[in-house]
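Text of model.cif (mmCIF, C-alpha atoms) as supplied:
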```
data_target
loop_
_atom_site.group_PDB
_atom_site.id
_atom_site.type_symbol
_atom_site.label_atom_id
_atom_site.label_comp_id
_atom_site.auth_asym_id
_atom_site.auth_seq_id
_atom_site.Cartn_x
_atom_site.Cartn_y
_atom_site.Cartn_z
ATOM 1 C CA MET A 1 19.551 1.715 3.265
ATOM 2 C CA SER A 2 21.678 3.652 0.806
ATOM 3 C CA GLN A 3 21.361 7.269 -0.332
ATOM 4 C CA MET A 4 21.183 6.025 -3.932
ATOM 5 C CA ILE A 5 17.573 4.960 -4.381
ATOM 6 C CA GLU A 6 15.937 4.858 -7.804
ATOM 7 C CA TRP A 7 12.423 6.332 -8.072
ATOM 8 C CA LYS A 8 10.325 5.036 -10.960
ATOM 9 C CA HIS A 9 6.909 6.514 -11.881
ATOM 10 C CA GLU A 10 4.607 4.693 -14.314
ATOM 11 C CA LYS A 11 2.152 6.622 -16.469
ATOM 12 C CA HIS A 12 0.245 3.512 -17.628
ATOM 13 C CA PHE A 13 -1.329 0.563 -15.812
ATOM 14 C CA VAL A 14 1.150 -2.172 -14.908
ATOM 15 C CA ASP A 15 0.095 -5.826 -15.130
ATOM 16 C CA TYR A 16 0.212 -7.406 -11.674
ATOM 17 C CA ARG A 17 2.038 -10.586 -12.704
ATOM 18 C CA PHE A 18 4.598 -8.509 -14.584
ATOM 19 C CA ALA A 19 5.084 -6.300 -11.516
ATOM 20 C CA GLU A 20 5.746 -9.357 -9.339
ATOM 21 C CA GLU A 21 8.345 -10.617 -11.828
ATOM 22 C CA VAL A 22 10.071 -7.222 -11.955
ATOM 23 C CA MET A 23 10.143 -6.993 -8.158
ATOM 24 C CA SER A 24 11.518 -10.528 -7.741
ATOM 25 C CA LYS A 25 14.314 -9.861 -10.228
ATOM 26 C CA ARG A 26 15.151 -6.487 -8.684
ATOM 27 C CA VAL A 27 15.281 -7.968 -5.177
ATOM 28 C CA GLU A 28 17.723 -10.643 -6.371
ATOM 29 C CA ASP A 29 19.897 -7.927 -7.927
ATOM 30 C CA ILE A 30 19.789 -5.845 -4.727
ATOM 31 C CA ILE A 31 20.749 -8.890 -2.649
ATOM 32 C CA LEU A 32 23.750 -9.413 -4.933
ATOM 33 C CA LYS A 33 24.472 -5.646 -4.926
ATOM 34 C CA LYS A 34 24.086 -5.507 -8.707
ATOM 35 C CA LYS A 35 21.393 -2.821 -8.611
ATOM 36 C CA THR A 36 20.268 -0.001 -6.330
ATOM 37 C CA GLU A 37 17.166 0.028 -4.175
ATOM 38 C CA LEU A 38 13.935 1.005 -5.925
ATOM 39 C CA VAL A 39 10.732 2.836 -5.028
ATOM 40 C CA TRP A 40 8.209 2.024 -7.767
ATOM 41 C CA LEU A 41 5.017 4.100 -8.029
ATOM 42 C CA LEU A 42 2.237 2.766 -10.247
ATOM 43 C CA GLU A 43 -1.395 1.779 -10.773
ATOM 44 C CA HIS A 44 -2.901 -1.607 -11.562
ATOM 45 C CA ASN A 45 -6.095 -2.227 -13.493
ATOM 46 C CA ASN A 46 -9.012 -3.785 -11.596
ATOM 47 C CA LEU A 47 -8.120 -6.929 -9.661
ATOM 48 C CA TYR A 48 -8.218 -8.565 -6.246
ATOM 49 C CA THR A 49 -5.027 -9.921 -4.709
ATOM 50 C CA LEU A 50 -4.775 -12.597 -2.056
ATOM 51 C CA GLY A 51 -1.982 -12.363 0.511
ATOM 52 C CA THR A 52 -0.564 -15.375 2.309
ATOM 53 C CA SER A 53 -3.193 -15.032 5.084
ATOM 54 C CA ALA A 54 -6.184 -14.617 2.739
ATOM 55 C CA LYS A 55 -9.344 -16.618 3.371
ATOM 56 C CA ALA A 56 -12.020 -17.634 0.861
ATOM 57 C CA SER A 57 -14.623 -16.294 3.319
ATOM 58 C CA ASP A 58 -13.308 -12.764 2.715
ATOM 59 C CA PHE A 59 -15.264 -12.741 -0.570
ATOM 60 C CA LYS A 60 -18.888 -11.847 0.061
ATOM 61 C CA HIS A 61 -20.030 -12.055 -3.576
ATOM 62 C CA ASN A 62 -18.944 -13.498 -6.890
ATOM 63 C CA VAL A 63 -16.695 -11.005 -8.650
ATOM 64 C CA GLY A 64 -16.175 -10.199 -12.300
ATOM 65 C CA ILE A 65 -12.542 -9.112 -12.223
ATOM 66 C CA PRO A 66 -9.312 -11.167 -11.910
ATOM 67 C CA ILE A 67 -8.239 -12.672 -8.591
ATOM 68 C CA TYR A 68 -4.508 -13.269 -8.118
ATOM 69 C CA PRO A 69 -2.862 -15.240 -5.315
ATOM 70 C CA THR A 70 0.361 -13.500 -4.327
ATOM 71 C CA LYS A 71 3.306 -14.163 -2.020
ATOM 72 C CA ARG A 72 3.009 -10.925 -0.068
ATOM 73 C CA GLY A 73 1.874 -10.914 3.529
ATOM 74 C CA GLY A 74 -1.617 -9.839 4.483
ATOM 75 C CA GLN A 75 -5.037 -10.874 3.286
ATOM 76 C CA THR A 76 -7.449 -9.908 0.503
ATOM 77 C CA THR A 77 -7.521 -6.482 -1.101
ATOM 78 C CA TYR A 78 -8.572 -4.624 -4.239
ATOM 79 C CA HIS A 79 -6.339 -2.693 -6.616
ATOM 80 C CA GLY A 80 -7.511 -0.491 -9.454
ATOM 81 C CA PRO A 81 -7.393 2.850 -11.265
ATOM 82 C CA GLY A 82 -7.155 5.816 -8.923
ATOM 83 C CA GLN A 83 -5.268 3.893 -6.270
ATOM 84 C CA ARG A 84 -1.576 4.684 -5.854
ATOM 85 C CA ILE A 85 0.585 1.614 -5.378
ATOM 86 C CA ILE A 86 4.089 2.088 -4.008
ATOM 87 C CA TYR A 87 6.371 -0.934 -4.150
ATOM 88 C CA LEU A 88 9.420 -0.684 -1.908
ATOM 89 C CA MET A 89 12.504 -2.682 -2.790
ATOM 90 C CA LEU A 90 14.739 -1.601 0.084
ATOM 91 C CA ASP A 91 17.777 -3.207 1.676
ATOM 92 C CA LEU A 92 17.483 -3.534 5.458
ATOM 93 C CA ARG A 93 20.796 -5.339 5.909
ATOM 94 C CA ASP A 94 22.788 -2.259 6.905
ATOM 95 C CA GLY A 95 20.242 -0.886 9.347
ATOM 96 C CA GLN A 96 17.677 -2.270 11.737
ATOM 97 C CA LYS A 97 16.701 -5.794 10.783
ATOM 98 C CA ASP A 98 13.328 -5.196 12.331
ATOM 99 C CA ILE A 99 10.211 -5.925 10.269
ATOM 100 C CA LYS A 100 7.827 -4.439 12.855
ATOM 101 C CA GLN A 101 9.821 -1.213 12.795
ATOM 102 C CA PHE A 102 9.777 -1.183 8.987
ATOM 103 C CA VAL A 103 5.977 -1.577 8.963
ATOM 104 C CA TRP A 104 5.730 1.220 11.553
ATOM 105 C CA ASN A 105 7.932 3.416 9.322
ATOM 106 C CA ILE A 106 5.676 2.869 6.303
ATOM 107 C CA GLU A 107 2.622 3.760 8.373
ATOM 108 C CA GLU A 108 4.425 6.842 9.693
ATOM 109 C CA TRP A 109 5.280 7.841 6.111
ATOM 110 C CA LEU A 110 1.602 7.555 5.159
ATOM 111 C CA ILE A 111 0.533 9.569 8.205
ATOM 112 C CA LEU A 112 3.062 12.282 7.286
ATOM 113 C CA PHE A 113 1.802 12.275 3.683
ATOM 114 C CA LEU A 114 -1.773 12.783 4.908
ATOM 115 C CA LYS A 115 -0.660 15.546 7.267
ATOM 116 C CA HIS A 116 0.675 17.465 4.247
ATOM 117 C CA LEU A 117 -2.878 17.369 2.877
ATOM 118 C CA GLY A 118 -4.421 18.521 6.148
ATOM 119 C CA ILE A 119 -5.738 15.058 7.015
ATOM 120 C CA SER A 120 -5.232 13.324 10.353
ATOM 121 C CA GLY A 121 -4.246 9.703 9.750
ATOM 122 C CA TYR A 122 -3.726 7.191 12.540
ATOM 123 C CA ARG A 123 -3.129 3.568 13.464
ATOM 124 C CA ILE A 124 -5.599 1.198 15.096
ATOM 125 C CA PRO A 125 -3.872 -1.234 17.484
ATOM 126 C CA GLY A 126 -3.696 -4.709 16.012
ATOM 127 C CA GLN A 127 -4.576 -3.533 12.482
ATOM 128 C CA VAL A 128 -1.841 -2.899 9.933
ATOM 129 C CA GLY A 129 -2.465 0.156 7.766
ATOM 130 C CA VAL A 130 -3.573 3.765 8.166
ATOM 131 C CA TRP A 131 -7.034 5.035 9.055
ATOM 132 C CA VAL A 132 -8.958 8.324 9.023
ATOM 133 C CA LYS A 133 -12.277 9.467 10.452
ATOM 134 C CA ASP A 134 -15.164 9.527 7.978
ATOM 135 C CA PRO A 135 -16.969 12.818 8.662
ATOM 136 C CA LYS A 136 -20.182 11.669 6.958
ATOM 137 C CA ASN A 137 -20.797 7.956 7.551
ATOM 138 C CA ILE A 138 -20.882 5.501 10.461
ATOM 139 C CA ASN A 139 -19.567 1.932 10.090
ATOM 140 C CA ILE A 140 -21.590 -1.189 10.885
ATOM 141 C CA ASP A 141 -19.610 -1.461 14.141
ATOM 142 C CA GLY A 142 -20.633 2.087 15.134
ATOM 143 C CA THR A 143 -17.226 3.714 14.557
ATOM 144 C CA GLN A 144 -16.164 6.282 11.968
ATOM 145 C CA ASP A 145 -12.767 4.647 11.284
ATOM 146 C CA LYS A 146 -12.187 4.133 7.552
ATOM 147 C CA LYS A 147 -9.095 2.603 6.011
ATOM 148 C CA ILE A 148 -7.358 4.834 3.480
ATOM 149 C CA ALA A 149 -4.083 2.920 3.051
ATOM 150 C CA ALA A 150 -3.149 -0.765 3.201
ATOM 151 C CA LEU A 151 0.196 -2.569 3.529
ATOM 152 C CA GLY A 152 1.386 -5.946 2.304
ATOM 153 C CA LEU A 153 5.059 -6.902 2.395
ATOM 154 C CA ARG A 154 7.443 -9.664 1.594
ATOM 155 C CA ILE A 155 11.042 -9.854 2.809
ATOM 156 C CA LYS A 156 13.798 -11.920 1.213
ATOM 157 C CA ARG A 157 17.190 -11.968 2.908
ATOM 158 C CA TRP A 158 16.336 -8.629 4.495
ATOM 159 C CA VAL A 159 15.426 -6.972 1.197
ATOM 160 C CA THR A 160 11.792 -5.829 1.016
ATOM 161 C CA PHE A 161 9.263 -5.952 -1.774
ATOM 162 C CA HIS A 162 5.564 -5.308 -2.357
ATOM 163 C CA GLY A 163 4.549 -2.307 -0.232
ATOM 164 C CA LEU A 164 1.528 -0.047 0.182
ATOM 165 C CA SER A 165 -1.597 1.195 -1.539
ATOM 166 C CA ILE A 166 -3.424 4.444 -0.856
ATOM 167 C CA ASN A 167 -6.876 5.333 -2.156
ATOM 168 C CA VAL A 168 -6.634 8.577 -4.100
ATOM 169 C CA ASN A 169 -9.852 8.409 -6.159
ATOM 170 C CA PRO A 170 -10.629 4.752 -7.014
ATOM 171 C CA ASP A 171 -14.075 3.188 -7.421
ATOM 172 C CA LEU A 172 -14.504 2.034 -3.826
ATOM 173 C CA SER A 173 -17.551 -0.086 -4.686
ATOM 174 C CA PHE A 174 -15.137 -2.918 -5.565
ATOM 175 C CA PHE A 175 -14.337 -3.185 -1.860
ATOM 176 C CA ASP A 176 -17.998 -4.064 -1.202
ATOM 177 C CA ASN A 177 -17.359 -7.585 -2.489
ATOM 178 C CA ILE A 178 -14.743 -8.379 0.170
ATOM 179 C CA ASN A 179 -13.752 -7.939 3.776
ATOM 180 C CA PRO A 180 -10.743 -5.690 3.012
ATOM 181 C CA CYS A 181 -7.631 -7.084 4.703
ATOM 182 C CA GLY A 182 -9.933 -9.541 6.467
ATOM 183 C CA ILE A 183 -11.662 -6.790 8.448
ATOM 184 C CA ALA A 184 -15.459 -6.913 8.654
ATOM 185 C CA GLY A 185 -17.564 -4.053 9.986
ATOM 186 C CA LYS A 186 -15.315 -1.176 8.911
ATOM 187 C CA GLY A 187 -15.134 0.525 5.544
ATOM 188 C CA VAL A 188 -12.630 2.157 3.232
ATOM 189 C CA ILE A 189 -12.321 5.752 2.081
ATOM 190 C CA SER A 190 -10.415 7.816 -0.480
ATOM 191 C CA LEU A 191 -8.786 11.225 -0.588
ATOM 192 C CA ARG A 192 -11.561 12.309 -2.946
ATOM 193 C CA ASP A 193 -14.192 11.318 -0.347
ATOM 194 C CA LEU A 194 -12.352 13.603 2.097
ATOM 195 C CA GLY A 195 -12.582 16.514 -0.338
ATOM 196 C CA VAL A 196 -9.008 16.308 -1.629
ATOM 197 C CA LYS A 197 -8.587 16.610 -5.397
ATOM 198 C CA ILE A 198 -5.008 15.771 -6.271
ATOM 199 C CA LYS A 199 -3.109 14.482 -9.296
ATOM 200 C CA MET A 200 -0.949 11.371 -9.052
ATOM 201 C CA GLU A 201 2.112 13.485 -9.876
ATOM 202 C CA GLU A 202 1.421 15.592 -6.776
ATOM 203 C CA VAL A 203 0.866 12.448 -4.689
ATOM 204 C CA ASP A 204 4.226 11.101 -5.840
ATOM 205 C CA ASP A 205 5.982 14.387 -5.157
ATOM 206 C CA ILE A 206 4.786 14.497 -1.533
ATOM 207 C CA PHE A 207 5.797 10.879 -0.956
ATOM 208 C CA LYS A 208 9.240 11.501 -2.438
ATOM 209 C CA ARG A 209 9.828 14.672 -0.385
ATOM 210 C CA THR A 210 8.766 13.019 2.887
ATOM 211 C CA PHE A 211 10.580 9.723 2.333
ATOM 212 C CA PRO A 212 13.977 10.841 3.746
ATOM 213 C CA ILE A 213 12.327 12.187 6.906
ATOM 214 C CA ILE A 214 11.197 8.656 7.832
ATOM 215 C CA PHE A 215 13.634 6.295 6.145
ATOM 216 C CA MET A 216 16.958 8.156 6.110
ATOM 217 C CA LYS A 217 17.337 8.698 9.875
#
```

How does the structure come out when it is put into structure tokens?
Amino acid sequence: MSQMIEWKHEKHFVDYRFAEEVMSKRVEDIILKKKTELVWLLEHNNLYTLGTSAKASDFKHNVGIPIYPTKRGGQTTYHGPGQRIIYLMLDLRDGQKDIKQFVWNIEEWLILFLKHLGISGYRIPGQVGVWVKDPKNINIDGTQDKKIAALGLRIKRWVTFHGLSINVNPDLSFFDNINPCGIAGKGVISLRDLGVKIKMEEVDDIFKRTFPIIFMK
């Protein structure tokens, strides 16, 4: 991973198909060393995306928003306004060619981000993503674990794309139509639900400041 990483912040919604095309082209250019690595921060309008492990049974109801199959790993999730998407086009060829470690690093980055906001984020063994305790509500399975951030990656010749999503203040009712990431019995939560009011610019600033701590070791 180089010191020269471009950071791109979008002020308007980005079409999902367009984002996939941009990522694919950028990854090809990074592979050929024509362009630098890129961290792309954006929002999508309402849609569900299906990862390569998605199942039709993950939809509990008919839905009225677009559903897009995608080539990222993972299962079914929702994207929409108020959710920060961070796409990571990073070159792993000069460092550890270790996908499990890269996933761990992204989770650690999210946990560090939450720590800056006074929130304790954590992993659940066997579940990719980052969780927090819901102080108000109990899940169907009796726990208080709620997912605040999800991951879905693709790797091509050791260059990454796709990335993570974190719920800042989206309409979480869209998650009611699915088993998010294939997980039944647990819910999702947002920063707003945890009492954190924060602008996307502030979200981006914390992620950018904490990035070197995790990824530039």

- [ ] Record the distance separating atom CA of A:Lys60 and atom CA of A:Phe174, expressed in Å with one decimal.
- [x] 11.2 Å

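Of the residues under consideration (A:Ile119, A:Val203, A:Leu151, A:Val168), A:Leu151 shows the shortest atom-to-atom contact distance to A:Gly51 when counting all atoms listed in the file.
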
Go through stretch 52-169 of chain A and flag each residue having an atom no more than 8 Å from stretch 32-45 of chain A; for those, report the closest pair of atoms plus their distance in Å to one decimal, using all atoms listed in the file, ordered by chain and rising number, as a Markdown table.
```
| residue | atom | partner | partner_atom | distance |
| --- | --- | --- | --- | --- |
| A:His79 | CA | A:His44 | CA | 6.1 |
| A:Gly80 | CA | A:Asn45 | CA | 4.6 |
| A:Pro81 | CA | A:Asn45 | CA | 5.7 |
| A:Gly82 | CA | A:Glu43 | CA | 7.3 |
| A:Gln83 | CA | A:Glu43 | CA | 6.3 |
| A:Arg84 | CA | A:Glu43 | CA | 5.7 |
| A:Ile85 | CA | A:Leu42 | CA | 5.3 |
| A:Ile86 | CA | A:Leu41 | CA | 4.6 |
| A:Tyr87 | CA | A:Trp40 | CA | 5.0 |
| A:Leu88 | CA | A:Val39 | CA | 4.9 |
| A:Met89 | CA | A:Leu38 | CA | 5.0 |
| A:Leu90 | CA | A:Glu37 | CA | 5.2 |
| A:Asp91 | CA | A:Glu37 | CA | 6.7 |
```

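Relative to atom CA of A:Glu108, atom CA of A:Asp171 is found at 25.5 Å.
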
Task: Output check: residues returned by the PyMOL selection byres ((chain A and resi 211) around 12), as a VMD selection string - done: chain A and resid 3 5 7 39 86 88 105 to 113 204 to 210 212 to 217

Closest atom pairs, residues of stretch 36-152 of chain A within 10 Å of stretch 191-196 of chain A, only C-alpha atoms, as a tab-separated table:
```
residue	atom	partner	partner_atom	distance
A:Gly82	CA	A:Arg192	CA	9.9
A:Gln83	CA	A:Leu191	CA	9.9
A:Leu114	CA	A:Leu191	CA	9.0
A:Leu117	CA	A:Val196	CA	7.7
A:Gly118	CA	A:Val196	CA	9.3
A:Ile119	CA	A:Leu194	CA	8.4
A:Val132	CA	A:Leu194	CA	9.3
A:Lys133	CA	A:Leu194	CA	9.3
A:Asp134	CA	A:Leu194	CA	7.7
A:Pro135	CA	A:Leu194	CA	8.1
A:Lys136	CA	A:Leu194	CA	9.4
A:Ile148	CA	A:Leu191	CA	7.7
```

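Residue nearest A:Val63, chosen from A:Glu202, A:Ile124, A:Ser190, A:Ser173 and counting all atoms listed in the file: A:Ser173.
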
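Atom CA of A:Gly74 sits 22.9 Å away from atom CA of A:Arg93.
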
TODO: List the residues matched by the PyMOL selection byres ((chain A and resi 188) around 12) in the displayed structure as a ChimeraX atom specification, ordered by chain and then by residue number.
DONE: /A:77-78,129-134,137-139,144-150,166-176,178-181,183-187,189-194

Could you work out an axis-aligned box for stretch 49-52 of chain A, taking every atom the file lists and adding 8 Å on each side, and report centre and edge lengths in Å to one decimal, as JSON?
```
{"center_x": -2.8, "center_y": -12.6, "center_z": -1.2, "size_x": 20.5, "size_y": 21.5, "size_z": 23.0}
```

- [ ] On this file, the PyMOL selection byres ((chain A and resi 47) around 6) gives some set of residues; write that set as a ChimeraX atom specification.
- [x] /A:46,48,65-67,78-79

Take the residues that were just selected and, keeping C-alpha atoms, output them as a PDB file, in the frame of the given file.
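Written out: result08.pdb:
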```pdb
ATOM      1  CA  ASN A  46      -9.012  -3.785 -11.596  1.00  0.00           C
ATOM      2  CA  TYR A  48      -8.218  -8.565  -6.246  1.00  0.00           C
ATOM      3  CA  ILE A  65     -12.542  -9.112 -12.223  1.00  0.00           C
ATOM      4  CA  PRO A  66      -9.312 -11.167 -11.910  1.00  0.00           C
ATOM      5  CA  ILE A  67      -8.239 -12.672  -8.591  1.00  0.00           C
ATOM      6  CA  TYR A  78      -8.572  -4.624  -4.239  1.00  0.00           C
ATOM      7  CA  HIS A  79      -6.339  -2.693  -6.616  1.00  0.00           C
TER       8      HIS A  79
END
```

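Closest to A:Ser24 among A:Ile198, A:Asp98, A:Leu92, A:Lys156 is A:Lys156, based on all atoms listed in the file.
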
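With only C-alpha atoms as the atoms that count, the residue of A:Thr70, A:Ser53, A:Thr143, A:Asn62 with the shortest distance to A:His162 is A:Thr70.
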
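Closest to A:Ile30 among A:Pro69, A:Met4, A:Val128, A:Val103 is A:Met4, based on all atoms listed in the file.
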
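Comparing the minimum interatomic distances between A:Glu10 and each of A:Ser120, A:Glu201, A:Met23, A:Arg157, counting only C-alpha atoms, we find that A:Glu201 sits nearest.
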
My structure is short of atoms at stretch 4-20 of chain A; please model N, CA and C atoms there, returning them as a PDB file, keeping the file's coordinate frame.
```
ATOM      1  N   MET A   4      21.465   6.163  -2.502  1.00  0.00           N
ATOM      2  CA  MET A   4      21.183   6.025  -3.932  1.00  0.00           C
ATOM      3  C   MET A   4      19.967   5.110  -4.125  1.00  0.00           C
ATOM      4  N   ILE A   5      18.807   5.719  -4.173  1.00  0.00           N
ATOM      5  CA  ILE A   5      17.573   4.960  -4.381  1.00  0.00           C
ATOM      6  C   ILE A   5      16.931   5.441  -5.674  1.00  0.00           C
ATOM      7  N   GLU A   6      16.605   4.502  -6.553  1.00  0.00           N
ATOM      8  CA  GLU A   6      15.937   4.858  -7.804  1.00  0.00           C
ATOM      9  C   GLU A   6      14.443   5.041  -7.549  1.00  0.00           C
ATOM     10  N   TRP A   7      13.866   6.090  -8.127  1.00  0.00           N
ATOM     11  CA  TRP A   7      12.423   6.332  -8.072  1.00  0.00           C
ATOM     12  C   TRP A   7      11.871   6.185  -9.479  1.00  0.00           C
ATOM     13  N   LYS A   8      10.878   5.321  -9.635  1.00  0.00           N
ATOM     14  CA  LYS A   8      10.325   5.036 -10.960  1.00  0.00           C
ATOM     15  C   LYS A   8       8.816   5.285 -10.926  1.00  0.00           C
ATOM     16  N   HIS A   9       8.328   6.143 -11.825  1.00  0.00           N
ATOM     17  CA  HIS A   9       6.909   6.514 -11.881  1.00  0.00           C
ATOM     18  C   HIS A   9       6.320   6.009 -13.199  1.00  0.00           C
ATOM     19  N   GLU A  10       5.246   5.229 -13.108  1.00  0.00           N
ATOM     20  CA  GLU A  10       4.607   4.693 -14.314  1.00  0.00           C
ATOM     21  C   GLU A  10       3.402   5.547 -14.697  1.00  0.00           C
ATOM     22  N   LYS A  11       3.280   5.842 -15.981  1.00  0.00           N
ATOM     23  CA  LYS A  11       2.152   6.622 -16.469  1.00  0.00           C
ATOM     24  C   LYS A  11       1.000   5.728 -16.944  1.00  0.00           C
ATOM     25  N   HIS A  12       1.266   4.445 -17.142  1.00  0.00           N
ATOM     26  CA  HIS A  12       0.245   3.512 -17.628  1.00  0.00           C
ATOM     27  C   HIS A  12       0.054   2.385 -16.609  1.00  0.00           C
ATOM     28  N   PHE A  13      -1.083   1.692 -16.714  1.00  0.00           N
ATOM     29  CA  PHE A  13      -1.329   0.563 -15.812  1.00  0.00           C
ATOM     30  C   PHE A  13      -0.242  -0.494 -15.986  1.00  0.00           C
ATOM     31  N   VAL A  14       0.142  -1.111 -14.885  1.00  0.00           N
ATOM     32  CA  VAL A  14       1.150  -2.172 -14.908  1.00  0.00           C
ATOM     33  C   VAL A  14       0.462  -3.490 -14.548  1.00  0.00           C
ATOM     34  N   ASP A  15       0.651  -4.496 -15.388  1.00  0.00           N
ATOM     35  CA  ASP A  15       0.095  -5.826 -15.130  1.00  0.00           C
ATOM     36  C   ASP A  15       0.655  -6.382 -13.818  1.00  0.00           C
ATOM     37  N   TYR A  16      -0.216  -6.976 -13.008  1.00  0.00           N
ATOM     38  CA  TYR A  16       0.212  -7.406 -11.674  1.00  0.00           C
ATOM     39  C   TYR A  16       1.273  -8.494 -11.738  1.00  0.00           C
ATOM     40  N   ARG A  17       1.053  -9.495 -12.586  1.00  0.00           N
ATOM     41  CA  ARG A  17       2.038 -10.586 -12.704  1.00  0.00           C
ATOM     42  C   ARG A  17       3.396 -10.037 -13.146  1.00  0.00           C
ATOM     43  N   PHE A  18       3.359  -9.124 -14.110  1.00  0.00           N
ATOM     44  CA  PHE A  18       4.598  -8.509 -14.584  1.00  0.00           C
ATOM     45  C   PHE A  18       5.294  -7.772 -13.442  1.00  0.00           C
ATOM     46  N   ALA A  19       4.507  -7.042 -12.642  1.00  0.00           N
ATOM     47  CA  ALA A  19       5.084  -6.300 -11.516  1.00  0.00           C
ATOM     48  C   ALA A  19       5.766  -7.242 -10.534  1.00  0.00           C
ATOM     49  N   GLU A  20       5.138  -8.381 -10.256  1.00  0.00           N
ATOM     50  CA  GLU A  20       5.746  -9.357  -9.339  1.00  0.00           C
ATOM     51  C   GLU A  20       7.073  -9.871  -9.893  1.00  0.00           C
TER      52      GLU A  20
END
```
